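One structure is given below, encoded as structure tokens.
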Amino acid sequence: MSRHEIVRSGPDGAGPREVSLTIPVASDMEIVATAQVAALGEYIDMPHDKIDEVKLALVEACINAFEHAHTRDDRVHLTFRVGRDEDGPDFLEVEVFDQGKGFDHSGVEVPTPEKTFTGGKKRGWGLQIMRSLMDTVVITSGEWGTKILMRKYK
Amino acid sequence: MSRHEIVRSGPDGAGPREVSLTIPVASDMEIVATAQVAALGEYIDMPHDKIDEVKLALVEACINAFEHAHTRDDRVHLTFRVGRDEDGPDFLEVEVFDQGKGFDHSGVEVPTPEKTFTGGKKRGWGLQIMRSLMDTVVITSGEWGTKILMRKYK
Amino acid sequence: MNESCKIVVERRGDVAIFWTDGYINNQGGEEIARQAYAQLDAGARALILNLEKTRIVNSIGISILIEVLEKVMDRKGVLAFCSLTPTIDKTFRIMGLAQYASIYPTQDQALQAVAATG
Amino acid sequence: MNESCKIVVERRGDVAIFWTDGYINNQGGEEIARQAYAQLDAGARALILNLEKTRIVNSIGISILIEVLEKVMDRKGVLAFCSLTPTIDKTFRIMGLAQYASIYPTQDQALQAVAATG
Ligand SMILES: Nc1ncnc2c1ncn2[C@@H]1O[C@H](COP(=O)(O)OP(=O)(O)O)[C@@H](O)[C@H]1O
Ligand SMILES: Nc1ncnc2c1ncn2[C@@H]1O[C@H](COP(=O)(O)OP(=O)(O)O)[C@@H](O)[C@H]1O
């Protein structure tokens, strides 16, 4: 241990890192939250284009919680984790949890460019964007609210 | 309300904003936390040099909690608030809370450049730096831990 | 609060160039739409959106850009994008915006292509 | 993990220039100290620390820089800093580092001043 070592306890240098962030349901707070993606992405040396993809996926999950969830606590709870699968590359994981009304994601219509252009239904792309930009997306939802767990490898 | 307005509930556009962040006691997590200062500082258009000052004050408070507090939960709990005094300028407030052993800050010796250079005691500048860089610093501490509440006007 | 997108518009003949700066969400998208329709009403034939200084466009912002694109096509105009980040480019492709609007790496290339349609 | 400070050193005659990149904490400070002592041992008379790419130096980092400064002064050498952000400059003044080391706005000015002492 070096003479100026300051960290006395907690996970060791190579261990998992988890940071949790709670934001209010309010405009632009999703952008404030993306700062944490940038910080942790840089922490694991994730390429900037991938960091941008995680940021957009987070933005989409947050604005869904803002717009659709009708949260009981007027907040959205985010957890960010960096870690590594055995022998695998580092990953950045983002969990977006709202205490809202929940929804049945299997019942959500999958959007297509054709419906978007000729059908007049322009919205409905948030979940699709998350799935396209992240390596894994797991949605759990119920009366307790909604949890979106997304992971991207560096 | 505009047609695409998405925020249904929560504080209104001009209201206070509070974001809370929990970080593990682990090296470099204080830097990850500074990302939130940058994001909220930019949100209120705080000049970049002032944002840097708040970042360093936050870093000092975090490394104190990492090094001295011996926290029971291996975590440091941060709360960031942006707001405005009546008729006053916007401010950014940072609260650093650890569930550690606490300390008597009135008993902490005030450092001077002379003692630092001739006296051989190089450390002991953290609290002084916070007080110099922030507009207000309030320390409360006890057996429950320590809370540092710091504010800077933009 | 400076998260909101700033827009600068310059008219060059019948082409209007839009430079955006910042996050394009519902408000940013609507502001672009408002200014785009004003340019069309003022006789612009082609619109170029230079997104060089925008790093995030959310899906609501894109849905509004798609509305703008449809209006421009209704009027037999042209809408082109340039200087997209890889992530914005990818999202435009996912949502199909890239199938109906042209995307160019640089503003010069967009200007040349748009002039050729005039 | 890339929060840690990178250091590049270049020797020009009896002057060693250090460029730091990133956060200077205990580890970054110790790495600077290690390389500074190596330069002194290898005959360097003056050290210039260019902090242009460093935005944060914490108080532990500064306390180590003060140790380096004392060692340099013991050996009748010169230590100069340049290209500090306003916040780093302010912190160096608070802790008194500015009273014992010279701080210059640019590397050229630091080089000139250091040459004049040689
Ligand atoms: N956090 C959430 N809480 C409740 N309902 C949600 C949530 N996220 C998504 N939904 C539902 O899923 C639908 C599809 O969401 P999405 O794909 O993001 O498109 P959009 O938000 O544009 O409708 C929404 O219209 C909404 O009904
Ligand atoms: N969060 C904390 N918990 C317990 N003790 C603390 C805390 N913060 C500061 N202290 C005490 O106050 C002293 C002065 O702190 P500071 O001015 O930051 O200098 P330094 O950390 O270099 O000693 C520390 O040495 C420590 O004893």
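As shown in the structure tokens, the chain order sets the letters A, B, ...; within each chain, residues go from 1, and ligands are also counted from 1 in the order they appear.
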Protein and nucleic acid residues within 7 Å of ligand 2 (only C-alpha atoms and all ligand atoms) as a VMD selection string: (chain B and resid 60 to 61 64 to 65 68 to 69 98 100 to 103 105 108 123 to 128 145 to 146) or (chain D and resid 59 to 60)
D:Tyr100 environment, 12 Å, only C-alpha atoms, sequence neighbours closer than 6 positions dropped, as a list in words: Pro113, Glu114, Thr116, Phe117 and Thr118 of chain B; Leu65, Ile66, Glu67, Val68, Leu69, Glu70, Val72, Met73, Val78, Leu79, Ala80, Phe81, Phe92 and Arg93 of chain D
Output the selection as a compact mmCIF listing (two decimals), in the first residue's frame - all heavy atoms for each residue.
# COMPACT_ATOMS: atom_id res chain seq x y z
N PRO B 113 0.20 28.30 5.43
CA PRO B 113 1.33 27.96 4.54
C PRO B 113 2.62 27.78 5.33
O PRO B 113 3.42 26.89 5.01
CB PRO B 113 1.41 29.17 3.61
CG PRO B 113 0.00 29.69 3.55
CD PRO B 113 -0.55 29.47 4.94
N GLU B 114 2.81 28.56 6.39
CA GLU B 114 4.05 28.48 7.15
C GLU B 114 4.20 27.11 7.80
O GLU B 114 5.23 26.45 7.69
CB GLU B 114 4.10 29.59 8.22
CG GLU B 114 4.25 30.99 7.64
CD GLU B 114 3.04 31.43 6.80
OE1 GLU B 114 1.89 31.09 7.17
OE2 GLU B 114 3.23 32.10 5.76
N THR B 116 2.75 24.48 6.93
CA THR B 116 2.84 23.47 5.89
C THR B 116 4.29 23.34 5.41
O THR B 116 4.79 22.24 5.19
CB THR B 116 1.93 23.85 4.71
OG1 THR B 116 0.59 23.88 5.19
CG2 THR B 116 2.05 22.85 3.57
N PHE B 117 4.98 24.48 5.27
CA PHE B 117 6.32 24.42 4.71
C PHE B 117 7.39 24.14 5.75
O PHE B 117 8.19 23.25 5.58
CB PHE B 117 6.63 25.70 3.92
CG PHE B 117 6.06 25.61 2.55
CD1 PHE B 117 4.73 25.91 2.31
CD2 PHE B 117 6.83 25.13 1.49
CE1 PHE B 117 4.18 25.79 1.05
CE2 PHE B 117 6.29 24.99 0.22
CZ PHE B 117 4.95 25.32 0.00
N THR B 118 7.36 24.89 6.85
CA THR B 118 8.45 24.67 7.80
C THR B 118 8.09 23.62 8.83
O THR B 118 8.96 22.94 9.36
CB THR B 118 8.79 25.99 8.53
OG1 THR B 118 7.60 26.47 9.17
CG2 THR B 118 9.26 27.05 7.55
N LEU D 65 3.03 17.64 -4.01
CA LEU D 65 3.79 18.61 -4.82
C LEU D 65 4.63 19.52 -3.91
O LEU D 65 5.74 19.92 -4.27
CB LEU D 65 2.84 19.44 -5.69
CG LEU D 65 2.08 18.67 -6.78
CD1 LEU D 65 1.18 19.62 -7.57
CD2 LEU D 65 3.05 17.96 -7.73
N ILE D 66 4.10 19.83 -2.73
CA ILE D 66 4.87 20.65 -1.79
C ILE D 66 6.11 19.90 -1.32
O ILE D 66 7.20 20.48 -1.20
CB ILE D 66 3.97 21.10 -0.60
CG1 ILE D 66 2.93 22.10 -1.10
CG2 ILE D 66 4.81 21.72 0.52
CD1 ILE D 66 1.89 22.52 -0.06
N GLU D 67 5.97 18.61 -1.08
CA GLU D 67 7.15 17.80 -0.72
C GLU D 67 8.20 17.83 -1.83
O GLU D 67 9.40 17.96 -1.57
CB GLU D 67 6.75 16.34 -0.48
CG GLU D 67 5.94 16.10 0.79
CD GLU D 67 5.54 14.62 0.95
OE1 GLU D 67 6.03 13.77 0.16
OE2 GLU D 67 4.74 14.34 1.85
N VAL D 68 7.71 17.72 -3.07
CA VAL D 68 8.64 17.78 -4.21
C VAL D 68 9.35 19.13 -4.21
O VAL D 68 10.58 19.22 -4.37
CB VAL D 68 7.89 17.56 -5.54
CG1 VAL D 68 8.83 17.78 -6.73
CG2 VAL D 68 7.28 16.16 -5.59
N LEU D 69 8.57 20.20 -4.03
CA LEU D 69 9.15 21.54 -4.02
C LEU D 69 10.24 21.65 -2.96
O LEU D 69 11.33 22.20 -3.21
CB LEU D 69 8.03 22.56 -3.75
CG LEU D 69 8.45 24.00 -3.54
CD1 LEU D 69 9.21 24.54 -4.77
CD2 LEU D 69 7.23 24.89 -3.27
N GLU D 70 9.98 21.11 -1.77
CA GLU D 70 10.98 21.19 -0.70
C GLU D 70 12.26 20.44 -1.08
O GLU D 70 13.36 20.94 -0.86
CB GLU D 70 10.39 20.63 0.61
CG GLU D 70 9.33 21.57 1.20
CD GLU D 70 8.69 21.03 2.47
OE1 GLU D 70 8.76 19.79 2.69
OE2 GLU D 70 8.14 21.82 3.23
N VAL D 72 13.34 19.90 -4.09
CA VAL D 72 14.01 20.66 -5.14
C VAL D 72 14.78 21.83 -4.52
O VAL D 72 15.93 22.11 -4.87
CB VAL D 72 12.99 21.17 -6.19
CG1 VAL D 72 13.65 22.15 -7.16
CG2 VAL D 72 12.39 19.98 -6.96
N MET D 73 14.14 22.52 -3.56
CA MET D 73 14.80 23.66 -2.94
C MET D 73 16.02 23.22 -2.14
O MET D 73 17.06 23.88 -2.15
CB MET D 73 13.80 24.43 -2.07
CG MET D 73 12.69 25.08 -2.92
SD MET D 73 11.60 26.32 -2.08
CE MET D 73 11.39 25.64 -0.48
N VAL D 78 15.18 24.45 -9.13
CA VAL D 78 14.07 25.37 -9.38
C VAL D 78 12.85 24.54 -9.78
O VAL D 78 12.96 23.60 -10.56
CB VAL D 78 14.41 26.35 -10.52
CG1 VAL D 78 13.21 27.21 -10.89
CG2 VAL D 78 15.61 27.22 -10.14
N LEU D 79 11.69 24.89 -9.22
CA LEU D 79 10.45 24.25 -9.64
C LEU D 79 9.48 25.34 -10.08
O LEU D 79 9.25 26.30 -9.34
CB LEU D 79 9.83 23.45 -8.48
CG LEU D 79 8.50 22.76 -8.76
CD1 LEU D 79 8.62 21.69 -9.84
CD2 LEU D 79 7.95 22.10 -7.49
N ALA D 80 8.93 25.19 -11.28
CA ALA D 80 7.97 26.18 -11.77
C ALA D 80 6.75 25.47 -12.31
O ALA D 80 6.83 24.33 -12.79
CB ALA D 80 8.62 27.03 -12.88
N PHE D 81 5.60 26.13 -12.18
CA PHE D 81 4.35 25.61 -12.73
C PHE D 81 3.88 26.52 -13.86
O PHE D 81 4.14 27.71 -13.84
CB PHE D 81 3.26 25.58 -11.65
CG PHE D 81 3.52 24.60 -10.55
CD1 PHE D 81 4.20 24.99 -9.40
CD2 PHE D 81 3.08 23.29 -10.66
CE1 PHE D 81 4.44 24.09 -8.38
CE2 PHE D 81 3.32 22.38 -9.64
CZ PHE D 81 4.00 22.78 -8.50
N PHE D 92 -3.45 26.65 -5.17
CA PHE D 92 -2.01 26.74 -4.92
C PHE D 92 -1.71 27.96 -4.05
O PHE D 92 -0.81 27.94 -3.22
CB PHE D 92 -1.24 26.85 -6.24
CG PHE D 92 -1.01 25.52 -6.92
CD1 PHE D 92 -1.73 24.39 -6.57
CD2 PHE D 92 -0.06 25.41 -7.94
CE1 PHE D 92 -1.52 23.17 -7.21
CE2 PHE D 92 0.16 24.19 -8.58
CZ PHE D 92 -0.57 23.08 -8.22
N ARG D 93 -2.48 29.05 -4.27
CA ARG D 93 -2.26 30.25 -3.46
C ARG D 93 -2.75 30.03 -2.03
O ARG D 93 -2.08 30.42 -1.07
CB ARG D 93 -2.95 31.47 -4.11
CG ARG D 93 -2.15 31.97 -5.29
CD ARG D 93 -2.73 33.06 -6.13
NE ARG D 93 -2.14 32.93 -7.47
CZ ARG D 93 -0.88 33.23 -7.76
NH1 ARG D 93 -0.09 33.74 -6.84
NH2 ARG D 93 -0.40 33.04 -8.97
Chain C residues near ligand 1 within 12 Å, closest pair each, using only C-alpha atoms and all ligand atoms, as a tab-separated table:
residue	atom	partner	partner_atom_place_in_ligand_line	distance
C:Asn26	CA	ligand 1	22 (O)	11.4
C:Asn58	CA	ligand 1	22 (O)	9.9
C:Ser59	CA	ligand 1	22 (O)	6.9
C:Ile60	CA	ligand 1	22 (O)	6.7
C:Gly61	CA	ligand 1	22 (O)	10.4
C:Ile62	CA	ligand 1	22 (O)	10.5
C:Ser63	CA	ligand 1	22 (O)	8.7
C:Ile64	CA	ligand 1	22 (O)	11.5
C:Met95	CA	ligand 1	22 (O)	11.6
Exercise: C:Gly77 partners within 12 Å, only C-alpha atoms, chain neighbours under 6 positions left out, as a list in words: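 Neighbouring residues, sequence-local ones excluded: Asp14, Val15, Ala16, Ala36, Tyr37, Gln39, Leu40, Asp41, Gly43, Ala44, Arg45, Ala46, Leu47, Ile48, Val68, Leu69, Glu70, Lys71, Ala101, Val114, Thr117 and Gly118 of chain C.
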Which of chain C DSSP labels strand (DSSP E or B), written as a PyMOL selection string: chain C and resi 4+6-12+15-21+23-24+46-53+57+78-82+102-104
With C-alpha atoms retained, write the just-selected residues as a short mmCIF file (atom, residue, chain, number, x, y, z; two decimals), in the first residue's frame.
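Saved to selection_18.cif:
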data_model
loop_
_atom_site.label_atom_id
_atom_site.label_comp_id
_atom_site.auth_asym_id
_atom_site.auth_seq_id
_atom_site.Cartn_x
_atom_site.Cartn_y
_atom_site.Cartn_z
CA SER C 4 -32.47 23.65 -24.50
CA LYS C 6 -30.29 26.90 -29.76
CA ILE C 7 -31.03 27.32 -33.45
CA VAL C 8 -29.41 29.64 -35.97
CA VAL C 9 -30.86 29.88 -39.47
CA GLU C 10 -29.23 31.35 -42.56
CA ARG C 11 -30.87 31.75 -45.92
CA ARG C 12 -28.76 31.24 -49.06
CA VAL C 15 -31.83 27.05 -49.34
CA ALA C 16 -32.17 27.57 -45.59
CA ILE C 17 -29.41 26.17 -43.38
CA PHE C 18 -30.25 25.41 -39.75
CA TRP C 19 -27.48 25.01 -37.18
CA THR C 20 -28.65 23.41 -33.97
CA ASP C 21 -26.70 23.55 -30.73
CA TYR C 23 -30.26 18.66 -26.93
CA ILE C 24 -33.19 18.19 -29.34
CA ALA C 46 -34.62 23.21 -49.48
CA LEU C 47 -33.77 22.93 -45.79
CA ILE C 48 -30.44 21.66 -44.48
CA LEU C 49 -30.21 20.75 -40.81
CA ASN C 50 -26.62 20.82 -39.61
CA LEU C 51 -26.57 18.91 -36.30
CA GLU C 52 -22.83 19.25 -35.69
CA LYS C 53 -23.32 20.74 -32.23
CA VAL C 57 -31.86 13.84 -30.20
CA VAL C 78 -36.09 18.95 -49.95
CA LEU C 79 -34.86 18.22 -46.42
CA ALA C 80 -31.28 17.13 -45.80
CA PHE C 81 -29.27 16.47 -42.66
CA CYS C 82 -25.53 16.76 -42.17
CA SER C 102 -30.91 12.53 -47.24
CA ILE C 103 -28.03 12.45 -44.79
CA TYR C 104 -24.61 13.84 -45.72
#
Take chain A, lay it over chain B with a least-squares fit on all the Cα atoms in order, then hand it over as an mmCIF file with C-alpha atoms, in the first residue's frame.
data_model
loop_
_atom_site.group_PDB
_atom_site.id
_atom_site.type_symbol
_atom_site.label_atom_id
_atom_site.label_comp_id
_atom_site.auth_asym_id
_atom_site.auth_seq_id
_atom_site.Cartn_x
_atom_site.Cartn_y
_atom_site.Cartn_z
ATOM 1 C CA MET A 1 -48.946 23.678 -22.740
ATOM 2 C CA SER A 2 -47.280 22.658 -25.947
ATOM 3 C CA ARG A 3 -48.518 19.706 -27.915
ATOM 4 C CA HIS A 4 -45.416 17.661 -27.225
ATOM 5 C CA GLU A 5 -45.111 18.555 -23.559
ATOM 6 C CA ILE A 6 -44.110 15.377 -21.789
ATOM 7 C CA VAL A 7 -43.711 16.137 -18.128
ATOM 8 C CA ARG A 8 -46.966 15.352 -16.401
ATOM 9 C CA SER A 9 -46.144 15.892 -12.774
ATOM 10 C CA GLY A 10 -43.408 17.060 -10.454
ATOM 11 C CA PRO A 11 -41.997 20.478 -9.664
ATOM 12 C CA ASP A 12 -42.706 23.124 -12.229
ATOM 13 C CA GLY A 13 -40.107 24.506 -14.620
ATOM 14 C CA ALA A 14 -38.814 27.214 -12.313
ATOM 15 C CA GLY A 15 -38.962 25.207 -9.088
ATOM 16 C CA PRO A 16 -36.168 23.680 -7.051
ATOM 17 C CA ARG A 17 -34.271 20.709 -8.392
ATOM 18 C CA GLU A 18 -32.783 18.074 -6.157
ATOM 19 C CA VAL A 19 -30.735 15.131 -7.301
ATOM 20 C CA SER A 20 -29.234 12.540 -4.965
ATOM 21 C CA LEU A 21 -26.256 10.377 -5.701
ATOM 22 C CA THR A 22 -24.798 7.551 -3.656
ATOM 23 C CA ILE A 23 -21.232 6.486 -4.366
ATOM 24 C CA PRO A 24 -19.173 3.639 -2.921
ATOM 25 C CA VAL A 25 -16.121 4.304 -0.770
ATOM 26 C CA ALA A 26 -13.620 3.555 -3.515
ATOM 27 C CA SER A 27 -10.872 5.402 -5.282
ATOM 28 C CA ASP A 28 -11.818 7.794 -8.064
ATOM 29 C CA MET A 29 -15.518 7.709 -7.168
ATOM 30 C CA GLU A 30 -15.138 11.335 -6.070
ATOM 31 C CA ILE A 31 -14.323 12.197 -9.674
ATOM 32 C CA VAL A 32 -17.338 10.272 -10.946
ATOM 33 C CA ALA A 33 -19.421 12.377 -8.536
ATOM 34 C CA THR A 34 -18.083 15.650 -9.934
ATOM 35 C CA ALA A 35 -19.910 14.881 -13.189
ATOM 36 C CA GLN A 36 -23.129 15.773 -11.383
ATOM 37 C CA VAL A 37 -21.698 19.156 -10.367
ATOM 38 C CA ALA A 38 -20.839 19.858 -13.982
ATOM 39 C CA ALA A 39 -24.282 18.792 -15.211
ATOM 40 C CA LEU A 40 -26.207 20.859 -12.666
ATOM 41 C CA GLY A 41 -23.798 23.779 -12.916
ATOM 42 C CA GLU A 42 -24.366 23.880 -16.674
ATOM 43 C CA TYR A 43 -28.078 23.532 -16.060
ATOM 44 C CA ILE A 44 -28.048 26.881 -14.217
ATOM 45 C CA ASP A 45 -25.434 28.381 -16.566
ATOM 46 C CA MET A 46 -22.841 28.689 -13.808
ATOM 47 C CA PRO A 47 -19.472 29.884 -15.198
ATOM 48 C CA HIS A 48 -17.006 27.055 -15.735
ATOM 49 C CA ASP A 49 -14.442 28.348 -13.274
ATOM 50 C CA LYS A 50 -17.044 28.337 -10.529
ATOM 51 C CA ILE A 51 -18.116 24.831 -11.502
ATOM 52 C CA ASP A 52 -14.471 23.780 -11.110
ATOM 53 C CA GLU A 53 -14.408 25.279 -7.622
ATOM 54 C CA VAL A 54 -17.522 23.362 -6.572
ATOM 55 C CA LYS A 55 -16.014 20.200 -8.063
ATOM 56 C CA LEU A 56 -12.855 20.539 -5.973
ATOM 57 C CA ALA A 57 -14.819 21.292 -2.791
ATOM 58 C CA LEU A 58 -16.868 18.134 -3.454
ATOM 59 C CA VAL A 59 -13.723 16.096 -4.080
ATOM 60 C CA GLU A 60 -12.282 17.243 -0.749
ATOM 61 C CA ALA A 61 -15.454 16.395 1.154
ATOM 62 C CA CYS A 62 -15.632 12.957 -0.477
ATOM 63 C CA ILE A 63 -12.025 12.023 0.175
ATOM 64 C CA ASN A 64 -12.463 13.066 3.805
ATOM 65 C CA ALA A 65 -15.414 10.715 4.082
ATOM 66 C CA PHE A 66 -13.408 7.970 2.335
ATOM 67 C CA GLU A 67 -10.326 8.453 4.471
ATOM 68 C CA HIS A 68 -11.483 9.545 7.897
ATOM 69 C CA ALA A 69 -15.116 8.584 8.421
ATOM 70 C CA HIS A 70 -14.941 4.750 8.473
ATOM 71 C CA THR A 71 -18.510 4.630 7.212
ATOM 72 C CA ARG A 72 -20.816 1.859 8.370
ATOM 73 C CA ASP A 73 -22.326 1.347 4.920
ATOM 74 C CA ASP A 74 -19.217 1.807 2.748
ATOM 75 C CA ARG A 75 -21.000 4.587 0.936
ATOM 76 C CA VAL A 76 -21.136 8.347 0.747
ATOM 77 C CA HIS A 77 -24.483 10.022 0.137
ATOM 78 C CA LEU A 78 -24.555 13.185 -1.917
ATOM 79 C CA THR A 79 -27.415 15.550 -2.565
ATOM 80 C CA PHE A 80 -27.238 18.298 -5.155
ATOM 81 C CA ARG A 81 -29.727 21.146 -5.240
ATOM 82 C CA VAL A 82 -30.129 24.058 -7.565
ATOM 83 C CA GLY A 83 -32.297 26.907 -6.427
ATOM 84 C CA ARG A 84 -32.571 30.618 -6.006
ATOM 85 C CA ASP A 85 -32.900 32.879 -2.990
ATOM 86 C CA GLU A 86 -35.678 35.412 -3.276
ATOM 87 C CA ASP A 87 -34.481 37.959 -5.848
ATOM 88 C CA GLY A 88 -31.030 36.424 -5.543
ATOM 89 C CA PRO A 89 -28.892 34.621 -8.062
ATOM 90 C CA ASP A 90 -29.144 30.877 -8.707
ATOM 91 C CA PHE A 91 -27.087 28.641 -6.464
ATOM 92 C CA LEU A 92 -25.760 25.119 -6.531
ATOM 93 C CA GLU A 93 -25.794 23.335 -3.190
ATOM 94 C CA VAL A 94 -23.896 20.158 -2.414
ATOM 95 C CA GLU A 95 -24.503 18.024 0.658
ATOM 96 C CA VAL A 96 -22.019 15.304 1.535
ATOM 97 C CA PHE A 97 -23.302 12.868 4.160
ATOM 98 C CA ASP A 98 -21.408 9.939 5.596
ATOM 99 C CA GLN A 99 -22.585 7.470 8.231
ATOM 100 C CA GLY A 100 -19.171 7.416 9.821
ATOM 101 C CA LYS A 101 -17.655 8.109 13.199
ATOM 102 C CA GLY A 102 -18.025 11.874 13.108
ATOM 103 C CA PHE A 103 -15.548 14.464 14.353
ATOM 104 C CA ASP A 104 -15.389 17.721 16.244
ATOM 105 C CA HIS A 105 -14.646 20.238 13.538
ATOM 106 C CA SER A 106 -14.151 23.080 16.016
ATOM 107 C CA GLY A 107 -11.147 21.146 17.305
ATOM 108 C CA VAL A 108 -9.464 20.889 13.915
ATOM 109 C CA GLU A 109 -6.299 22.949 13.699
ATOM 110 C CA VAL A 110 -6.422 25.639 11.026
ATOM 111 C CA PRO A 111 -3.580 25.142 8.552
ATOM 112 C CA THR A 112 -1.225 27.889 7.379
ATOM 113 C CA PRO A 113 1.336 27.937 4.563
ATOM 114 C CA GLU A 114 4.067 28.472 7.170
ATOM 115 C CA LYS A 115 3.183 25.340 9.152
ATOM 116 C CA THR A 116 2.844 23.452 5.902
ATOM 117 C CA PHE A 117 6.318 24.408 4.726
ATOM 118 C CA THR A 118 8.466 24.663 7.814
ATOM 119 C CA GLY A 119 6.397 22.551 10.182
ATOM 120 C CA GLY A 120 6.421 19.361 8.200
ATOM 121 C CA LYS A 121 2.622 18.955 8.432
ATOM 122 C CA LYS A 122 1.568 18.926 4.819
ATOM 123 C CA ARG A 123 -1.972 17.595 5.169
ATOM 124 C CA GLY A 124 -4.963 19.200 6.841
ATOM 125 C CA TRP A 125 -6.147 21.514 4.049
ATOM 126 C CA GLY A 126 -9.385 19.871 2.966
ATOM 127 C CA LEU A 127 -11.841 21.834 5.112
ATOM 128 C CA GLN A 128 -9.968 25.059 4.461
ATOM 129 C CA ILE A 129 -10.191 24.557 0.710
ATOM 130 C CA MET A 130 -13.926 23.904 0.936
ATOM 131 C CA ARG A 131 -14.405 27.110 2.933
ATOM 132 C CA SER A 132 -12.278 29.125 0.505
ATOM 133 C CA LEU A 133 -13.953 27.877 -2.658
ATOM 134 C CA MET A 134 -17.615 27.823 -1.581
ATOM 135 C CA ASP A 135 -19.795 30.736 -0.495
ATOM 136 C CA THR A 136 -21.123 28.905 2.577
ATOM 137 C CA VAL A 137 -20.046 25.716 4.330
ATOM 138 C CA VAL A 138 -21.966 24.234 7.257
ATOM 139 C CA ILE A 139 -20.581 21.184 9.049
ATOM 140 C CA THR A 140 -22.673 19.040 11.365
ATOM 141 C CA SER A 141 -21.232 15.911 12.858
ATOM 142 C CA GLY A 142 -21.992 13.419 15.585
ATOM 143 C CA GLU A 143 -22.074 9.738 16.350
ATOM 144 C CA TRP A 144 -24.425 9.332 13.397
ATOM 145 C CA GLY A 145 -21.803 10.610 10.981
ATOM 146 C CA THR A 146 -20.981 13.851 9.245
ATOM 147 C CA LYS A 147 -22.868 16.182 6.975
ATOM 148 C CA ILE A 148 -21.159 18.931 4.994
ATOM 149 C CA LEU A 149 -23.566 21.390 3.383
ATOM 150 C CA MET A 150 -21.958 23.763 0.891
ATOM 151 C CA ARG A 151 -23.441 26.366 -1.389
ATOM 152 C CA LYS A 152 -22.107 28.446 -4.225
ATOM 153 C CA TYR A 153 -23.933 31.231 -6.057
ATOM 154 C CA LYS A 154 -23.531 31.451 -9.785
#
